[in-house]
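Enquirer: I'd like to ask you about the structure that follows.
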Amino acid sequence: MAPPGARGPTPGPTGPTPGLTGLSRLAALHGVATSYSPSPDRPVPATDAAVIAALAALDVDASTPEAVRRALAARETELSTRLLPPTVVQWQKGPRAAPPPWSALPAGTRVCVETERGERVEWDTPPDEDAPRSRANPEPGVARDLPLGVHRLGAETPDGRTATAHLIVAPHRLPPPREKSYGILVQLYSLLSLRSWGMGDLGDLAELAAWSGRAIGAGFVQINPLHAAVPKPPDGHCDPSPYRPSSRRFPDPVHLRVEDVPEYAHLDGEARDVAAHLTRRAAALRESVLQQGQLIDRDAVWALKLAALELIHEVPLGPGRRAAYNDFLAEHGEALEDHATWYALAERYGPDWHTWPAPLRDPASPQSARARRELMDRVDFHCRLAWLTDAQLAAAQRSARDAGMDIGLVHDLAVGVHPAGADAWAQQRHFAAGMSAGAPPDAFNARGQDWGLPPWRPDRLAESGYAPYRGLLRALLRHAGAIRIDHVMGLFRLWWVPEGRAPTEGTYVRYDAEAMLAVLALEADRAGALVIGEDLGTVEPGVRETLQRHGVLGTSVLWFERDWAGTGRPLPPESWRADCLATATTHDLPSTASRITGEHVQLRDRLGLLTRPAAVEQAEAAADVAEWLALLSRLGMLPGGGGHEQEEIRAVHRFLLATPARMVGVWLPDTVGDRRPQNLPGTWDQYPNWRLPIADADGRPVTLEELAAAPRVHAFMDVFMDAFRSREARERTRTAPPGARPV
């Protein structure tokens, strides 16, 4: 969701200046900024209206001067008298960057930690800083030995005051990748095979992982978010963007490979005939994309799959399958039931819960409970779809690991959810009503951005011990070797735009980044997974350093890696950061072929998106590419000095491999010379975002089978395989005993 931009100079500190006004003090105490800096040393004040609206979304009345005085007094009293905040963090397995959360409690306070497993650990805080530690006062050792997890922390002072808090004990730093690796980046829907039903599916993902791991030595496959989408309204279309889902916790069954569901083989009689008819229609839909130039039609694909899955649902589960399904239901509990209930209600009342009968807008109401019972069959159907999709995700990750991938699947976590969808309904108390996340005006977008995603309330997250966040991370990490966090800066702050206002009329609201990172580190550590943060665009000071300190990898895109603090020239490979995923492009940026040829400027010109004359934009883009190609030529990575598109694309990736980046990503469309971006920010109907199949340099769609056999693809991937073979040979030479003969 972040606007494309250089990883260049970071803006100055933001936030209110203490002591100026009652409103600014009140805003500061609730984490609401009263200014922002679109560039260093250029603070821009937020409007009072934006600050007041953000406070109102946090249930703080600042509508009048008297209301501000009352709210300020209440907040100051609350903060000065509480013993503990709602959630506290203790970092383990690393240097203690800060005192433990109980260090500020009054002397002699009884501290009790009840762990996730029900164990109790108690101690008393020392009477003074110099008090000797003893077996009766074991705080230092106890703190170091607390198990990782989310525990309950209690405190009772000598004068009888008590408090409780959620205690997150997390590893201080996630381990880096075991070794440097390269992998594939792909939007799954765009990768059609001869077996898929009009868009790429989880069967295709398993095949891609098996092929890329075994045939081209890839260590991972990064895909777009597979989150569950909002269904198509009766008179409209489903939003095709994978970054505006109904739910981030559960995957979308549109990605199912229908024939791979075990019960499909047991269809008989009329059901088998209907399934065969659906399969023929799916083949026609696939051919319309591959042979007739049609766009991917997610709604049409889902209509066919839904009909087939309805038939499959009538096939009884065998005893073992039934037991596995029951385990899945028990594991996901209320969250899954709420998710399935929303989809069942959406079938009856439409896909926007704000338009449902008033009692059903509350998932905890008696009427919602009654509707859940009345729609039990449909609720079970949608629970079953979640289970089937989870099983095929697991199979895809097994396929990746069986193919020798050290990481396997890299799942993508969208920055938020659709306001009308399942998560916004089931978890509505955790979302800021009347607000939308976005981005402030900057050098790339003078109007700012409104993403149409309701932001989480930081206060409600803290009160819950970050339960919704923990739940979605745990679900996403079930079958992942790594996750990518879209707009990772959102763990620190988000730009809140009041409903009905322009993005320029928003303000930043801060989150407890330490707690957000602790939850992320805890869940990733439990899953044995890496974390990649998408940190492109405007990033406030200290964010990248904090992420790196906790083992979160960044994202570095070649065209944006310049010496912004000095010459402005392209960064040589040795100057790149190591803790990152290095790529030539992303789903929001031009393909490498398009950038090298300048076709991305021509596209934006045709669509009327340029803010300067086309000739100026074209000249600037050409100069940028020429400067990079000149560097590649000087480094000996571009034989002949350029002029051949395929060789220039390969040279770009030779450069990425020469950097210390721990992961190098290959945008799969780059391997066949695709010209078209999958998403063109700033467009809606003008461009077919999220609906294009992977195509070759002439725009002809390419199937997975064709791609795997294409000489161009293998010549491209030889760059990686040769580099890694050379690296392994150098390593063998370095570690060989004296006098050993080379092999």
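Each chain of the structure tokens is named A, B, ... in the order shown, its residues numbered from 1; ligands are numbered from 1 in display order.
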List the spatial neighbours of Pro240 of chain A as a list in words - criterion: any atom at most 8 Å away, only C-alpha atoms, same-chain residues fewer than 6 positions off excluded.

Expert: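 Answer for this query is Arg298, Asn689, Trp690 and Arg691 of chain A.
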
Enquirer: Would you save the residues of that selection, restricted to N, CA, C and O atoms, as an mmCIF file, in the first residue's frame?

Expert:
```
data_model
loop_
_atom_site.group_PDB
_atom_site.id
_atom_site.type_symbol
_atom_site.label_atom_id
_atom_site.label_comp_id
_atom_site.auth_asym_id
_atom_site.auth_seq_id
_atom_site.Cartn_x
_atom_site.Cartn_y
_atom_site.Cartn_z
ATOM 1 N N ARG A 298 -12.304 -12.822 -11.732
ATOM 2 C CA ARG A 298 -12.382 -13.530 -10.459
ATOM 3 C C ARG A 298 -13.819 -13.917 -10.120
ATOM 4 O O ARG A 298 -14.069 -14.997 -9.579
ATOM 5 N N ASN A 689 -6.087 -3.276 -13.095
ATOM 6 C CA ASN A 689 -5.301 -3.702 -11.943
ATOM 7 C C ASN A 689 -5.757 -5.071 -11.440
ATOM 8 O O ASN A 689 -6.956 -5.348 -11.371
ATOM 9 N N TRP A 690 -4.764 -5.911 -11.080
ATOM 10 C CA TRP A 690 -4.988 -7.204 -10.439
ATOM 11 C C TRP A 690 -5.758 -8.195 -11.329
ATOM 12 O O TRP A 690 -6.307 -9.163 -10.824
ATOM 13 N N ARG A 691 -5.777 -7.974 -12.649
ATOM 14 C CA ARG A 691 -6.566 -8.863 -13.525
ATOM 15 C C ARG A 691 -5.787 -9.324 -14.753
ATOM 16 O O ARG A 691 -6.369 -9.870 -15.686
#
```

Enquirer: Can you pull out every residue within 9 Å of Glu645 of chain A, counting only C-alpha atoms, but drop anything in the same chain fewer than 6 positions away, and send it as a list in words?

Expert: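 Near Glu645 of chain A, the qualifying residues are Ala593, Ile596, Thr597 and Gly673 of chain A.
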
Enquirer: Restricting it to all heavy atoms, dump the selection as a PDB file, in the first residue's frame.

Expert:
```pdb
ATOM      1  N   ALA A 593      11.617  -4.734 -17.882  1.00  0.00           N
ATOM      2  CA  ALA A 593      11.616  -4.453 -19.319  1.00  0.00           C
ATOM      3  C   ALA A 593      10.932  -3.125 -19.610  1.00  0.00           C
ATOM      4  O   ALA A 593      11.401  -2.329 -20.437  1.00  0.00           O
ATOM      5  CB  ALA A 593      10.924  -5.582 -20.074  1.00  0.00           C
ATOM      6  N   ILE A 596      13.291  -0.252 -18.501  1.00  0.00           N
ATOM      7  CA  ILE A 596      14.455  -0.082 -19.379  1.00  0.00           C
ATOM      8  C   ILE A 596      14.070   0.567 -20.706  1.00  0.00           C
ATOM      9  O   ILE A 596      14.792   1.413 -21.241  1.00  0.00           O
ATOM     10  CB  ILE A 596      15.142  -1.448 -19.601  1.00  0.00           C
ATOM     11  CG1 ILE A 596      15.914  -1.848 -18.330  1.00  0.00           C
ATOM     12  CG2 ILE A 596      16.074  -1.408 -20.800  1.00  0.00           C
ATOM     13  CD1 ILE A 596      16.524  -3.221 -18.394  1.00  0.00           C
ATOM     14  N   THR A 597      12.913   0.197 -21.230  1.00  0.00           N
ATOM     15  CA  THR A 597      12.481   0.736 -22.527  1.00  0.00           C
ATOM     16  C   THR A 597      11.725   2.054 -22.407  1.00  0.00           C
ATOM     17  O   THR A 597      11.465   2.712 -23.427  1.00  0.00           O
ATOM     18  CB  THR A 597      11.567  -0.273 -23.241  1.00  0.00           C
ATOM     19  OG1 THR A 597      10.414  -0.525 -22.414  1.00  0.00           O
ATOM     20  CG2 THR A 597      12.307  -1.577 -23.512  1.00  0.00           C
ATOM     21  N   GLY A 673       9.864 -11.185 -19.950  1.00  0.00           N
ATOM     22  CA  GLY A 673       9.836  -9.881 -20.609  1.00  0.00           C
ATOM     23  C   GLY A 673       8.506  -9.166 -20.573  1.00  0.00           C
ATOM     24  O   GLY A 673       8.253  -8.261 -21.389  1.00  0.00           O
TER      25      GLY A 673
END
```

Enquirer: Using only C-alpha atoms, which of the listed residues (A:Leu656, A:Leu185, A:Val88, A:Leu704) sits closest to Met516 of chain A?

Expert: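 Nearest to Met516 of chain A: A:Val88.
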
Enquirer: Would you pick out the contacts of Asn224 of chain A at 10 Å or less, using only C-alpha atoms, so that residues sharing its chain but fewer than 5 positions from it are not included, and give the list as a ChimeraX atom specification?

Expert: /A:185-189,241-243,410-414,484,587

Enquirer: Could you write those residues out with N, CA and C atoms, as a CSV table (one decimal), in the first residue's frame?

Expert:
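Output contents, as saved in result-v2.csv:
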```csv
chain,number,residue,atom,x,y,z
A,185,LEU,N,9.0,-14.0,-7.1
A,185,LEU,CA,8.0,-13.1,-6.6
A,185,LEU,C,6.8,-13.2,-7.7
A,186,VAL,N,5.6,-13.5,-7.2
A,186,VAL,CA,4.5,-13.7,-8.2
A,186,VAL,C,3.2,-13.4,-7.6
A,187,GLN,N,2.3,-12.8,-8.4
A,187,GLN,CA,0.9,-12.6,-8.0
A,187,GLN,C,0.2,-13.9,-8.5
A,188,LEU,N,-0.2,-14.7,-7.5
A,188,LEU,CA,-0.7,-16.1,-7.8
A,188,LEU,C,-1.8,-16.1,-8.8
A,189,TYR,N,-2.8,-15.2,-8.7
A,189,TYR,CA,-3.9,-15.2,-9.7
A,189,TYR,C,-3.4,-15.1,-11.1
A,241,SER,N,-8.6,-6.3,-5.7
A,241,SER,CA,-7.4,-6.0,-5.0
A,241,SER,C,-7.2,-7.0,-3.9
A,242,PRO,N,-6.0,-7.7,-3.9
A,242,PRO,CA,-5.7,-8.6,-2.7
A,242,PRO,C,-5.3,-7.9,-1.5
A,243,TYR,N,-5.2,-6.5,-1.6
A,243,TYR,CA,-4.8,-5.7,-0.5
A,243,TYR,C,-5.9,-5.0,0.2
A,410,VAL,N,6.5,-17.5,1.0
A,410,VAL,CA,6.5,-16.2,1.7
A,410,VAL,C,5.2,-15.6,1.5
A,411,HIS,N,4.4,-15.5,2.6
A,411,HIS,CA,3.0,-15.0,2.5
A,411,HIS,C,3.1,-13.5,2.8
A,412,ASP,N,2.1,-12.8,2.2
A,412,ASP,CA,2.0,-11.3,2.3
A,412,ASP,C,0.9,-10.9,3.2
A,413,LEU,N,1.1,-10.0,4.1
A,413,LEU,CA,0.1,-9.5,5.1
A,413,LEU,C,-0.3,-8.1,4.6
A,414,ALA,N,-1.5,-7.9,4.2
A,414,ALA,CA,-2.0,-6.6,3.8
A,414,ALA,C,-2.1,-5.7,5.0
A,484,ARG,N,5.8,-11.3,4.5
A,484,ARG,CA,6.1,-9.9,4.2
A,484,ARG,C,5.0,-9.0,4.8
A,587,HIS,N,5.0,-5.4,-7.3
A,587,HIS,CA,3.7,-5.5,-8.0
A,587,HIS,C,3.2,-4.1,-8.3
```

Enquirer: Suppose you want the space between atom CA of Leu329 of chain A and atom CA of Leu385 of chain A; what is it in Å?

Expert: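 Going from atom CA of Leu329 of chain A over to atom CA of Leu385 of chain A covers 11.6 Å.
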
Enquirer: Separation of atom CA of Arg178 of chain A and atom CA of Ala582 of chain A, in Å?

Expert: 16.5 Å

Enquirer: Would you kindly return, as a PyMOL selection string, each protein, DNA or RNA residue with an atom no farther than 10 Å from any atom of Leu360 of chain A, considering only C-alpha atoms and excluding same-chain residues fewer than 4 positions away?

Expert: chain A and resi 342+345+349+353-356+364-371+425

Enquirer: If we count only C-alpha atoms and set the cut-off at 12 Å, which residues sit around Pro440 of chain A, ignoring sequence neighbours fewer than 6 positions away in its own chain? Please answer as JSON, numbers by chain.

Expert: {"A": [2, 3, 35, 36, 37, 38, 39, 44, 45, 46, 446, 447, 448, 449, 450, 451, 493, 494, 495, 496, 497, 502, 503, 504, 505, 506, 507, 508, 537, 538, 539]}

Enquirer: Given the choices A:Ala335, A:Gly200, A:Ala282, A:Ser181, which gets closest to Pro660 of chain A if the distance is worked out from only C-alpha atoms?

Expert: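 Using only C-alpha atoms, the shortest distance to Pro660 of chain A belongs to A:Ser181.
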
Enquirer: Taking 2 positions as the minimum chain separation for residues in the same chain, which residues sit within 9 Å of Pro572 of chain A when counting only C-alpha atoms? Answer as a list in words.

Expert: Glu561, Arg562, Arg569, Pro570, Glu574, Ser575, Trp576, Leu631, Phe655 and Thr659 of chain A

Enquirer: If you run DSSP on the backbone here, which positions in segment 147-248 of chain A get strand (DSSP E or B)? Please write them as a ChimeraX atom specification.

Expert: /A:149-156,162-171,181-186,220-223,227-228,247-248

Enquirer: Can you check which residues of segment 427-629 of chain A DSSP gives as helix (DSSP H, G or I) on the backbone and send them as an MDAnalysis selection string?

Expert: chainID A and resid 428:430 458:463 467:476 488:491 503:505 513:527 543:549 558:560 573:575 592:597 599:606 614:629

Enquirer: Which value, in Å to one decimal, gives the distance between atom CA of Val261 of chain A and atom CA of Pro693 of chain A?

Expert: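 Computed distance, atom CA of Val261 of chain A to atom CA of Pro693 of chain A, equals 24.8 Å.
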
Enquirer: Name the closest residue to Thr611 of chain A among the candidates A:Asn445, A:Phe716, A:Ala623, A:Thr164; distances are taken between atoms, counting only C-alpha atoms.

Expert: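 Result for the nearest residue to Thr611 of chain A: A:Asn445.
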
Enquirer: Could you tell me which of A:Leu146, A:Leu553, A:Ile52, A:Gly183 comes closest to Leu668 of chain A if we count only C-alpha atoms?

Expert: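 Ranked by minimum distance to Leu668 of chain A, first place goes to A:Gly183.
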